[in-house]
Every structure is written in structure tokens, then in C-alpha cells.
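The next block is upload_10.cif, given as mmCIF, C-alpha atoms.
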```cif
data_target
loop_
_atom_site.label_atom_id
_atom_site.label_comp_id
_atom_site.auth_asym_id
_atom_site.auth_seq_id
_atom_site.Cartn_x
_atom_site.Cartn_y
_atom_site.Cartn_z
CA MET A 5 18.68 60.27 -22.85
CA LEU A 6 19.83 62.07 -19.74
CA THR A 7 23.55 62.21 -19.13
CA ALA A 8 25.10 60.51 -16.15
CA ASN A 9 26.54 63.67 -14.64
CA HIS A 10 23.03 65.02 -14.11
CA CYS A 11 22.15 62.27 -11.72
CA SER A 12 25.43 62.50 -9.87
CA VAL A 13 24.89 66.19 -9.08
CA GLY A 14 21.52 65.86 -7.42
CA SER A 15 20.98 64.81 -3.86
CA ASN A 16 20.72 61.11 -2.99
CA LYS A 17 17.53 61.72 -1.05
CA GLN A 18 14.25 62.61 -2.70
CA PRO A 19 13.12 66.09 -1.56
CA SER A 20 9.96 66.39 0.46
CA VAL A 21 6.63 67.33 -1.06
CA MET A 22 6.66 70.55 0.97
CA MET A 23 10.04 71.52 -0.45
CA LEU A 24 8.96 70.83 -4.03
CA GLY A 25 5.70 72.69 -3.42
CA LEU A 26 7.60 75.71 -2.13
CA VAL A 27 9.83 75.67 -5.23
CA TYR A 28 6.86 75.40 -7.59
CA VAL A 29 4.94 78.18 -5.84
CA THR A 30 8.00 80.47 -5.87
CA PHE A 31 8.62 79.87 -9.55
CA GLY A 32 4.94 80.36 -10.34
CA LEU A 33 4.72 83.68 -8.51
CA MET A 34 7.90 84.82 -10.24
CA SER A 35 6.42 83.90 -13.61
CA ALA A 36 3.26 85.88 -12.83
CA GLY A 37 5.31 88.93 -11.83
CA ILE A 38 7.48 88.69 -14.93
CA GLY A 39 4.39 88.46 -17.13
CA PHE A 40 2.92 91.56 -15.48
CA LEU A 41 6.13 93.54 -15.99
CA TYR A 42 6.32 92.57 -19.65
CA SER A 43 2.65 93.50 -20.16
CA VAL A 44 3.33 96.99 -18.81
CA GLY A 45 6.32 97.31 -21.10
CA MET A 46 4.33 96.26 -24.16
CA GLN A 47 1.56 98.69 -23.23
CA TYR A 48 3.85 101.71 -23.35
CA LEU A 49 6.61 100.64 -25.77
CA PRO A 50 6.62 99.34 -29.35
CA ILE A 51 6.85 95.58 -29.65
CA SER A 52 10.21 95.83 -31.43
CA THR A 53 11.69 97.84 -28.56
CA VAL A 54 10.42 95.38 -25.95
CA THR A 55 11.81 92.46 -27.94
CA LEU A 56 15.26 93.95 -28.36
CA ILE A 57 15.46 94.88 -24.67
CA ALA A 58 14.56 91.27 -23.87
CA ALA A 59 17.75 90.22 -25.68
CA SER A 60 19.68 91.32 -22.58
CA GLN A 61 18.12 88.36 -20.73
CA LEU A 62 21.19 86.36 -21.76
CA ALA A 63 23.46 88.76 -19.89
CA PHE A 64 21.26 88.65 -16.77
CA ASN A 65 21.07 84.87 -16.92
CA ALA A 66 24.85 84.59 -17.26
CA PHE A 67 25.30 86.81 -14.21
CA PHE A 68 22.96 84.73 -12.05
CA SER A 69 24.23 81.41 -13.44
CA TYR A 70 27.77 82.35 -12.47
CA PHE A 71 26.82 82.57 -8.80
CA LEU A 72 24.09 79.90 -8.65
CA ASN A 73 25.36 77.25 -11.06
CA SER A 74 29.12 77.99 -11.33
CA GLN A 75 28.79 78.84 -15.01
CA ARG A 76 32.13 78.82 -16.86
CA PHE A 77 32.98 81.89 -18.96
CA THR A 78 35.22 81.97 -22.01
CA PRO A 79 36.22 84.84 -24.32
CA PHE A 80 33.52 83.87 -26.82
CA ILE A 81 30.81 83.79 -24.14
CA ILE A 82 31.96 87.14 -22.74
CA ASN A 83 31.94 88.58 -26.25
CA SER A 84 28.40 87.29 -26.72
CA LEU A 85 27.22 88.88 -23.47
CA VAL A 86 28.84 92.23 -24.28
CA LEU A 87 27.32 92.37 -27.76
CA LEU A 88 23.85 91.45 -26.55
CA THR A 89 24.05 94.01 -23.75
CA ILE A 90 25.15 96.78 -26.13
CA SER A 91 22.35 95.85 -28.53
CA SER A 92 19.83 96.55 -25.76
CA VAL A 93 21.55 99.67 -24.38
CA LEU A 94 21.45 101.27 -27.82
CA LEU A 95 17.67 101.41 -27.54
CA VAL A 96 17.92 103.85 -24.63
CA PHE A 97 19.39 106.51 -26.92
CA ASN A 98 16.60 105.90 -29.40
CA ASN A 99 13.81 106.05 -26.83
CA ASN A 100 12.29 109.36 -27.93
CA SER A 101 12.03 108.45 -31.58
CA SER A 102 10.56 105.00 -30.95
CA ARG A 103 7.98 106.05 -28.36
CA LEU A 104 4.35 105.70 -29.30
CA SER A 105 2.71 109.05 -30.03
CA ARG A 106 -0.05 108.58 -27.45
CA VAL A 107 2.36 107.64 -24.62
CA SER A 108 3.87 110.27 -22.36
CA GLN A 109 7.51 110.47 -21.37
CA VAL A 110 6.72 109.21 -17.85
CA HIS A 111 4.78 106.19 -19.12
CA CYS A 112 7.51 105.45 -21.64
CA ALA A 113 10.12 105.45 -18.85
CA ALA A 114 7.89 103.20 -16.75
CA GLY A 115 7.52 100.79 -19.65
CA PHE A 116 11.27 100.71 -20.18
CA ILE A 117 11.99 100.08 -16.48
CA CYS A 118 9.34 97.35 -16.25
CA THR A 119 10.73 95.63 -19.33
CA ILE A 120 14.25 95.69 -17.90
CA LEU A 121 13.00 94.28 -14.58
CA GLY A 122 11.01 91.59 -16.36
CA THR A 123 14.06 90.63 -18.40
CA ALA A 124 16.24 90.43 -15.30
CA GLY A 125 13.55 88.36 -13.56
CA SER A 126 13.44 85.95 -16.50
CA GLY A 127 17.20 85.46 -16.35
CA LEU A 128 17.02 84.81 -12.61
CA LEU A 129 14.10 82.39 -12.95
CA VAL A 130 15.86 80.19 -15.53
CA ALA A 131 19.05 80.11 -13.42
CA LEU A 132 17.01 79.12 -10.36
CA GLN A 133 15.30 76.37 -12.35
CA GLN A 134 18.66 74.83 -13.22
CA PHE A 135 19.78 75.13 -9.60
CA ALA A 136 16.60 73.42 -8.36
CA LEU A 137 16.66 70.66 -10.98
CA ARG A 138 20.30 69.80 -10.28
CA LYS A 139 20.14 70.05 -6.47
CA LEU A 140 16.68 68.77 -5.55
CA VAL A 141 15.60 66.29 -8.21
CA VAL A 142 17.05 62.76 -8.03
CA ARG A 143 15.45 61.02 -11.01
CA GLN A 144 15.57 63.46 -13.89
CA SER A 145 13.18 62.57 -16.69
CA PHE A 146 10.52 64.04 -18.94
CA LYS A 147 8.04 63.67 -16.07
CA VAL A 148 10.14 66.10 -14.04
CA VAL A 149 9.86 68.65 -16.86
CA LEU A 150 6.09 68.23 -17.06
CA ASP A 151 5.67 68.47 -13.27
CA LEU A 152 7.64 71.71 -13.14
CA VAL A 153 5.85 73.24 -16.12
CA MET A 154 2.35 72.23 -14.97
CA CYS A 155 2.73 73.23 -11.33
CA GLN A 156 4.51 76.50 -12.08
CA SER A 157 1.98 77.43 -14.76
CA LEU A 158 -0.93 76.57 -12.46
CA VAL A 159 0.40 78.85 -9.72
CA ALA A 160 1.17 81.64 -12.18
CA SER A 161 -2.28 81.41 -13.80
CA SER A 162 -3.99 81.46 -10.42
CA ALA A 163 -2.04 84.54 -9.32
CA ILE A 164 -2.85 86.34 -12.57
CA LEU A 165 -6.54 85.46 -12.29
CA VAL A 166 -6.65 86.87 -8.75
CA GLY A 167 -5.13 90.12 -9.98
CA PHE A 168 -7.44 90.11 -13.01
CA PHE A 169 -10.60 89.98 -10.91
CA ALA A 170 -9.26 92.10 -8.02
CA SER A 171 -8.35 94.97 -10.35
CA GLY A 172 -11.73 94.93 -12.07
CA ASP A 173 -10.25 94.33 -15.52
CA TRP A 174 -12.69 91.50 -16.05
CA LYS A 175 -15.48 94.06 -16.46
CA GLY A 176 -14.02 95.23 -19.76
CA PHE A 177 -13.34 91.73 -21.08
CA SER A 178 -16.63 91.45 -22.96
CA GLY A 179 -16.23 94.90 -24.50
CA GLU A 180 -12.69 94.06 -25.58
CA MET A 181 -13.99 90.98 -27.37
CA ASP A 182 -16.70 93.05 -29.11
CA GLU A 183 -14.17 95.66 -30.24
CA TYR A 184 -11.79 93.07 -31.69
CA GLY A 185 -11.78 93.64 -35.42
CA LEU A 186 -11.72 89.97 -36.43
CA GLY A 187 -14.62 88.96 -34.20
CA LYS A 188 -15.11 87.11 -30.92
CA PHE A 189 -14.20 83.69 -32.30
CA SER A 190 -10.88 84.96 -33.64
CA TYR A 191 -10.24 86.68 -30.32
CA LEU A 192 -10.71 83.39 -28.45
CA MET A 193 -8.58 81.51 -30.98
CA VAL A 194 -5.74 84.00 -30.50
CA LEU A 195 -5.85 83.49 -26.72
CA ILE A 196 -6.08 79.70 -26.93
CA TRP A 197 -3.31 79.22 -29.48
CA THR A 198 -1.09 81.72 -27.70
CA ALA A 199 -1.44 79.66 -24.53
CA ILE A 200 -0.71 76.42 -26.41
CA CYS A 201 2.37 77.85 -28.12
CA TRP A 202 3.72 79.18 -24.83
CA ALA A 203 3.15 75.78 -23.17
CA VAL A 204 5.06 73.95 -25.91
CA PHE A 205 7.84 76.53 -25.79
CA TYR A 206 8.12 76.30 -22.01
CA ILE A 207 8.32 72.50 -22.04
CA GLY A 208 11.19 72.70 -24.51
CA ALA A 209 12.89 75.46 -22.51
CA VAL A 210 12.78 73.53 -19.23
CA GLY A 211 14.00 70.45 -21.09
CA LEU A 212 17.04 72.40 -22.30
CA VAL A 213 17.70 73.63 -18.76
CA LEU A 214 17.58 70.03 -17.53
CA GLU A 215 19.69 68.53 -20.32
CA VAL A 216 22.26 71.29 -20.93
CA SER A 217 22.17 74.52 -18.91
CA ALA A 218 20.13 77.63 -18.20
CA LEU A 219 22.52 79.78 -20.21
CA PHE A 220 22.21 77.57 -23.29
CA CYS A 221 18.41 77.64 -22.97
CA THR A 222 18.46 81.43 -22.86
CA ALA A 223 20.80 81.61 -25.85
CA ILE A 224 18.45 79.45 -27.90
CA SER A 225 15.53 81.66 -26.89
CA THR A 226 17.50 84.73 -27.95
CA LEU A 227 17.81 83.32 -31.46
CA GLY A 228 14.24 84.31 -32.32
CA LEU A 229 14.40 87.82 -30.86
CA PRO A 230 16.00 89.60 -33.86
CA ILE A 231 13.30 88.18 -36.12
CA VAL A 232 10.42 89.78 -34.21
CA PRO A 233 11.27 93.44 -34.99
CA ILE A 234 11.31 92.63 -38.69
CA ILE A 235 7.90 90.94 -38.45
CA ALA A 236 6.58 93.90 -36.42
CA VAL A 237 7.41 96.25 -39.29
CA PHE A 238 5.04 94.39 -41.61
CA VAL A 239 2.35 93.26 -39.14
CA PHE A 240 2.07 96.26 -36.78
CA ASN A 241 3.51 98.98 -39.04
CA ASP A 242 6.21 99.51 -36.44
CA LYS A 243 9.16 101.78 -37.19
CA MET A 244 12.53 100.15 -37.84
CA ASP A 245 15.26 102.80 -37.86
CA GLY A 246 19.03 102.60 -38.05
CA ILE A 247 19.60 102.15 -34.32
CA LYS A 248 17.32 99.13 -34.18
CA VAL A 249 18.98 97.62 -37.24
CA ILE A 250 22.40 97.95 -35.58
CA SER A 251 20.98 96.54 -32.36
CA MET A 252 19.55 93.56 -34.23
CA VAL A 253 22.87 92.88 -36.00
CA LEU A 254 24.75 92.97 -32.69
CA ALA A 255 22.22 90.57 -31.16
CA ILE A 256 22.72 88.09 -34.01
CA TRP A 257 26.51 88.49 -33.77
CA GLY A 258 26.40 87.82 -30.03
CA PHE A 259 24.31 84.70 -30.49
CA ILE A 260 26.67 83.33 -33.17
CA SER A 261 29.59 83.90 -30.81
CA TYR A 262 27.90 81.85 -28.11
CA VAL A 263 26.97 79.05 -30.54
CA TYR A 264 30.61 78.88 -31.68
CA GLN A 265 31.68 78.41 -28.06
CA GLN A 266 29.21 75.53 -27.75
CA TYR A 267 30.76 74.03 -30.88
CA LEU A 268 34.23 74.29 -29.36
CA ASP A 269 33.03 72.70 -26.11
CA ASP A 270 31.61 69.74 -28.04
CA TYR A 271 34.37 69.40 -30.65
CA MET A 272 37.56 69.92 -28.65
CA PRO A 273 37.01 67.11 -26.08
CA LYS A 274 36.38 64.67 -28.94
CA THR A 275 39.58 65.80 -30.66
CA GLU A 276 41.57 65.49 -27.45
CA ASN A 277 40.15 62.04 -26.75
CA THR A 278 40.99 60.94 -30.29
CA GLY A 279 44.53 62.24 -29.89
CA GLU A 280 44.94 60.44 -26.56
CA ILE A 281 43.67 57.19 -28.06
CA SER A 282 46.01 57.51 -31.03
CA GLU A 283 48.94 58.24 -28.75
CA ALA A 284 48.06 55.30 -26.53
CA CYS A 285 47.80 53.01 -29.56
CA SER A 286 51.17 54.21 -30.86
CA SER A 287 52.76 53.60 -27.47
CA SER A 288 51.26 50.12 -27.30
CA ILE A 289 52.54 49.27 -30.79
CA TRP A 290 56.01 50.58 -29.91
CA LEU A 291 56.09 48.56 -26.70
CA SER A 292 54.98 45.44 -28.53
CA GLU A 293 57.64 45.84 -31.20
CA HIS A 294 60.29 46.62 -28.59
CA SER A 295 59.34 43.52 -26.58
CA ALA A 296 59.46 41.39 -29.71
CA LEU A 297 62.93 42.64 -30.58
CA GLN A 298 64.16 41.98 -27.05
CA GLY A 299 62.72 38.47 -27.16
CA ALA A 300 64.40 37.77 -30.50
CA ALA A 301 67.72 39.04 -29.21
CA ALA A 302 67.50 36.88 -26.10
CA TYR A 303 66.66 33.82 -28.21
CA HIS A 304 69.73 34.29 -30.36
#
```
I'd like the structure from this file rewritten - as C-alpha cells, please.
Amino acid sequence: MLTANHCSVGSNKQPSVMMLGLVYVTFGLMSAGIGFLYSVGMQYLPISTVTLIAASQLAFNAFFSYFLNSQRFTPFIINSLVLLTISSVLLVFNNNSSRLSRVSQVHCAAGFICTILGTAGSGLLVALQQFALRKLVVRQSFKVVLDLVMCQSLVASSAILVGFFASGDWKGFSGEMDEYGLGKFSYLMVLIWTAICWAVFYIGAVGLVLEVSALFCTAISTLGLPIVPIIAVFVFNDKMDGIKVISMVLAIWGFISYVYQQYLDDYMPKTENTGEISEACSSSIWLSEHSALQGAAAYH
């Protein structure tokens, strides 16, 4: 159930179709650009390196949420942002040892820059989604989430398809399917189920943005990032050295710090309300007893 404060933030007038269309198109084009940047990063960097760099999305999102959504910062949130940022910066000093053997230094730098830009773009996009949902949408429901996800994904897919055919990459699509070790059917299944999983994930992410905040959505997404480098060691034979282990530990520590702040935000108001109720009850009982004593004294 949506909270009452959500509805009170939005405008009293339903936005025009042109305004919503402009928002959806902007978000869709941003999603397409972010996907392209991440694809360049994964082409030139190991998957574990890309994943750990993506952990800094929480810091970027906090920065943009502060200006767009008046995000409140506490010592635990700041500690979380610092730890997650350090966990990503550590990878810069380990860049030479983690670079793929077939990738040059220039391509490796390009992959690192593209991954950073994609991560910053992701943080900005989620913050803008919260801003749009709170300022433009009057009736906030599950239909709003589906409309945003469907329209944004449609625009992003269309933009990617245009680039796919304009660049001529479609010519090698058949050959890529033939060279896939598990066969064409498995190749198609990987694409289809990847798309389905991303759709389910994105619906849940936008729902968190609508119900809680963009920063909380990003923190939940960050939870799975430290797991990927471990899986990459076994699936892709990726190298997991000491720097990446330290980076992963810092990422987990930063996430726990943020979750603890969420716990305090939920627990402390309840405690304060309980204390206020108890104090009010005690005052009422004292007043009742005092009035009774006064009445008895007056009677005598």
C-alpha cells in the first residue's frame, strides 16, 4: 500500500501526455546510453572489475539525490558512501594486474572510463526517476511502475536497435550464434531469459523508488554486487586477488552501514512515539488522580 506522504508530494494536476512522453523518452535514451557504456566496459575489463566499479553507483546516486530529492545524510550513510567509493577506487591501483591479456592499455583505460560514466549515469537516472514520480505523478500505483518500465524500455530498445543496424553489427549476428559453444537454441535462451530477468528486476527497482527512495533502491541493488566477483572466479576463471577481496569486504561493510541507518530510521520513530504515548498516559492518570483528590477534599 502506498503511503500518504507520496500522494501529498505530487502535483494536484495530472501532467500532460506530452510531458510524460518527454520524461519516458529521456529516461529511455539514458538507459540506452548507460547500456552502451557498460557494454564497452565489459568488453575491455574483467566482469569482476566492472561489477566492483559499479558499486560506486550508490555514491553517485547519493550525490544526485541530495540536489534533486533533498536526500538526508547521517553519519552511517556517509560512512556507507565512503566505504563503497574506496572499494571502487582500489581497483584503479590494480588495473594492470586485472587487465585481460589481449586488451591494450588504451582500451583498458577506455573500458574503465566508460564503466565509471555508465555508473554515474545509472545513479543520475534513478534519482531522476524518483524526482519525476514524486513531482509529476498524482495517483501512484503499480500501473505507474509498469507504464514507466514499459515506455522507458521500449524507447531504450528502439534506440539500441537503431545503433545495432546502423553500425552493421547485425551482419555478424548469425556467425556469433554459430560460434556459440552451447548451440543456437542455448544462445537464444540466454538472450530471452536475460531480458526477462532484467524486466523483473527493473519493475522491482522502480517500485522501490516509488515506495521508499532512489538511494534505498540503489543500496538494495548494491547488495548483489560483491557476490558476482566470487561467481566470476568459478564460471569465467576470473582472477580474484587481494585488492579485489578487500574491495569486496569494504562494499559489504558499506552496505551494512546503510542498512543499519534504515533500521534506525524505522525503529527510532516507533520508540519515540511509544515514549510519548506512555508519557501522555502517565500525565492523564496523574491528572485524574489529582482531580479525584481535589474533589474528595472539597466534599469533606
* Compile the contact shell of Cys112 in chain A as an NGL selection string: residues with an atom at most 8 Å away, counting only C-alpha atoms, same-chain residues fewer than 3 positions apart removed. => :A and (48-49 or 103 or 107-109 or 115-116)
* **Closest of A:Leu219, A:Leu186, A:Leu137, A:Val237 to Ser74 in chain A - atom-to-atom distances counting all atoms listed in the file** => A:Leu219
* Please work out which residues fall within 12 Å of (1.0, 74.6, -12.9), coordinates as given in the file, with all atoms listed in the file counting, and return them as JSON, numbers by chain. => {"A": [25, 27, 28, 29, 30, 31, 32, 33, 35, 36, 149, 150, 151, 152, 153, 154, 155, 156, 157, 158, 159, 160, 161, 162, 163, 203, 206, 207]}
* Give as a ChimeraX atom specification every residue, naming chains and numbers as the document does, that has an atom within 12 Å of (37.6, 83.0, -23.7), counting only C-alpha atoms. => /A:76-85,261-262,264-266,268-269
* So what do you get for CA of Ile120 in chain A versus CA of Val204 in chain A, distance-wise? -> 24.9 Å
* To do: Do a neighbour search on range 252-260 of chain A at 8 Å with only C-alpha atoms, toss out local chain neighbours closer than 4 positions, and write the hits as a PyMOL selection string.
  => chain A and resi 56+59+83-88+90-91+223+226-227+230+248+264
* Asked: What is the distance between CA of Thr222 in chain A and CA of Leu62 in chain A, in Å to one decimal?
  -> 5.7 Å
Your completed range 181-192 of chain A with all heavy atoms, as an mmCIF file, in the frame of the given file:
```cif
data_model
loop_
_atom_site.group_PDB
_atom_site.id
_atom_site.type_symbol
_atom_site.label_atom_id
_atom_site.label_comp_id
_atom_site.auth_asym_id
_atom_site.auth_seq_id
_atom_site.Cartn_x
_atom_site.Cartn_y
_atom_site.Cartn_z
ATOM 1 N N MET A 181 -13.678 91.991 -26.355
ATOM 2 C CA MET A 181 -13.990 90.980 -27.370
ATOM 3 C C MET A 181 -14.852 91.580 -28.487
ATOM 4 O O MET A 181 -14.667 91.276 -29.668
ATOM 5 C CB MET A 181 -14.712 89.788 -26.732
ATOM 6 C CG MET A 181 -13.854 88.973 -25.785
ATOM 7 S SD MET A 181 -14.769 87.600 -25.046
ATOM 8 C CE MET A 181 -15.231 86.669 -26.507
ATOM 9 N N ASP A 182 -15.817 92.441 -28.100
ATOM 10 C CA ASP A 182 -16.700 93.050 -29.110
ATOM 11 C C ASP A 182 -15.933 94.003 -30.019
ATOM 12 O O ASP A 182 -16.257 94.133 -31.208
ATOM 13 C CB ASP A 182 -17.841 93.798 -28.416
ATOM 14 C CG ASP A 182 -18.763 92.857 -27.651
ATOM 15 O OD1 ASP A 182 -18.842 91.668 -28.036
ATOM 16 O OD2 ASP A 182 -19.393 93.296 -26.659
ATOM 17 N N GLU A 183 -14.920 94.691 -29.469
ATOM 18 C CA GLU A 183 -14.170 95.660 -30.240
ATOM 19 C C GLU A 183 -13.069 95.019 -31.096
ATOM 20 O O GLU A 183 -12.467 95.708 -31.930
ATOM 21 C CB GLU A 183 -13.526 96.691 -29.305
ATOM 22 C CG GLU A 183 -14.545 97.551 -28.558
ATOM 23 C CD GLU A 183 -13.883 98.460 -27.545
ATOM 24 O OE1 GLU A 183 -12.634 98.396 -27.426
ATOM 25 O OE2 GLU A 183 -14.600 99.222 -26.871
ATOM 26 N N TYR A 184 -12.834 93.746 -30.898
ATOM 27 C CA TYR A 184 -11.790 93.070 -31.690
ATOM 28 C C TYR A 184 -12.237 92.999 -33.142
ATOM 29 O O TYR A 184 -13.330 92.515 -33.459
ATOM 30 C CB TYR A 184 -11.548 91.677 -31.123
ATOM 31 C CG TYR A 184 -10.310 91.009 -31.680
ATOM 32 C CD1 TYR A 184 -9.037 91.477 -31.371
ATOM 33 C CD2 TYR A 184 -10.421 89.898 -32.517
ATOM 34 C CE1 TYR A 184 -7.905 90.871 -31.879
ATOM 35 C CE2 TYR A 184 -9.284 89.283 -33.025
ATOM 36 C CZ TYR A 184 -8.037 89.771 -32.704
ATOM 37 O OH TYR A 184 -6.911 89.164 -33.222
ATOM 38 N N GLY A 185 -11.385 93.481 -34.023
ATOM 39 C CA GLY A 185 -11.780 93.640 -35.420
ATOM 40 C C GLY A 185 -12.127 92.351 -36.136
ATOM 41 O O GLY A 185 -12.984 92.330 -37.027
ATOM 42 N N LEU A 186 -11.499 91.242 -35.750
ATOM 43 C CA LEU A 186 -11.720 89.970 -36.430
ATOM 44 C C LEU A 186 -12.859 89.155 -35.842
ATOM 45 O O LEU A 186 -13.136 88.052 -36.324
ATOM 46 C CB LEU A 186 -10.430 89.144 -36.438
ATOM 47 C CG LEU A 186 -9.225 89.797 -37.131
ATOM 48 C CD1 LEU A 186 -8.000 88.896 -37.020
ATOM 49 C CD2 LEU A 186 -9.537 90.095 -38.599
ATOM 50 N N GLY A 187 -13.493 89.667 -34.783
ATOM 51 C CA GLY A 187 -14.620 88.960 -34.200
ATOM 52 C C GLY A 187 -14.259 88.208 -32.918
ATOM 53 O O GLY A 187 -13.089 88.021 -32.590
ATOM 54 N N LYS A 188 -15.306 87.792 -32.195
ATOM 55 C CA LYS A 188 -15.110 87.110 -30.920
ATOM 56 C C LYS A 188 -14.418 85.766 -31.076
ATOM 57 O O LYS A 188 -13.562 85.391 -30.261
ATOM 58 C CB LYS A 188 -16.460 86.907 -30.222
ATOM 59 C CG LYS A 188 -17.136 88.195 -29.774
ATOM 60 C CD LYS A 188 -18.426 87.893 -29.033
ATOM 61 C CE LYS A 188 -19.105 89.178 -28.553
ATOM 62 N NZ LYS A 188 -20.350 88.895 -27.817
ATOM 63 N N PHE A 189 -14.807 85.006 -32.113
ATOM 64 C CA PHE A 189 -14.200 83.690 -32.300
ATOM 65 C C PHE A 189 -12.705 83.808 -32.545
ATOM 66 O O PHE A 189 -11.909 83.046 -31.972
ATOM 67 C CB PHE A 189 -14.885 82.972 -33.474
ATOM 68 C CG PHE A 189 -14.336 81.609 -33.737
ATOM 69 C CD1 PHE A 189 -14.684 80.542 -32.927
ATOM 70 C CD2 PHE A 189 -13.458 81.389 -34.799
ATOM 71 C CE1 PHE A 189 -14.174 79.276 -33.150
ATOM 72 C CE2 PHE A 189 -12.938 80.131 -35.036
ATOM 73 C CZ PHE A 189 -13.302 79.062 -34.214
ATOM 74 N N SER A 190 -12.310 84.753 -33.380
ATOM 75 C CA SER A 190 -10.880 84.960 -33.640
ATOM 76 C C SER A 190 -10.159 85.413 -32.381
ATOM 77 O O SER A 190 -9.004 85.028 -32.133
ATOM 78 C CB SER A 190 -10.692 85.987 -34.754
ATOM 79 O OG SER A 190 -11.259 85.533 -35.964
ATOM 80 N N TYR A 191 -10.832 86.220 -31.578
ATOM 81 C CA TYR A 191 -10.240 86.680 -30.320
ATOM 82 C C TYR A 191 -9.944 85.489 -29.404
ATOM 83 O O TYR A 191 -8.843 85.390 -28.828
ATOM 84 C CB TYR A 191 -11.204 87.650 -29.629
ATOM 85 C CG TYR A 191 -10.687 88.246 -28.355
ATOM 86 C CD1 TYR A 191 -9.925 89.408 -28.366
ATOM 87 C CD2 TYR A 191 -10.979 87.657 -27.123
ATOM 88 C CE1 TYR A 191 -9.447 89.959 -27.191
ATOM 89 C CE2 TYR A 191 -10.519 88.201 -25.946
ATOM 90 C CZ TYR A 191 -9.745 89.354 -25.977
ATOM 91 O OH TYR A 191 -9.274 89.898 -24.807
ATOM 92 N N LEU A 192 -10.909 84.578 -29.276
ATOM 93 C CA LEU A 192 -10.710 83.390 -28.450
ATOM 94 C C LEU A 192 -9.627 82.488 -29.023
ATOM 95 O O LEU A 192 -8.828 81.911 -28.275
ATOM 96 C CB LEU A 192 -12.026 82.623 -28.305
ATOM 97 C CG LEU A 192 -13.123 83.324 -27.502
ATOM 98 C CD1 LEU A 192 -14.402 82.495 -27.533
ATOM 99 C CD2 LEU A 192 -12.681 83.558 -26.060
#
```
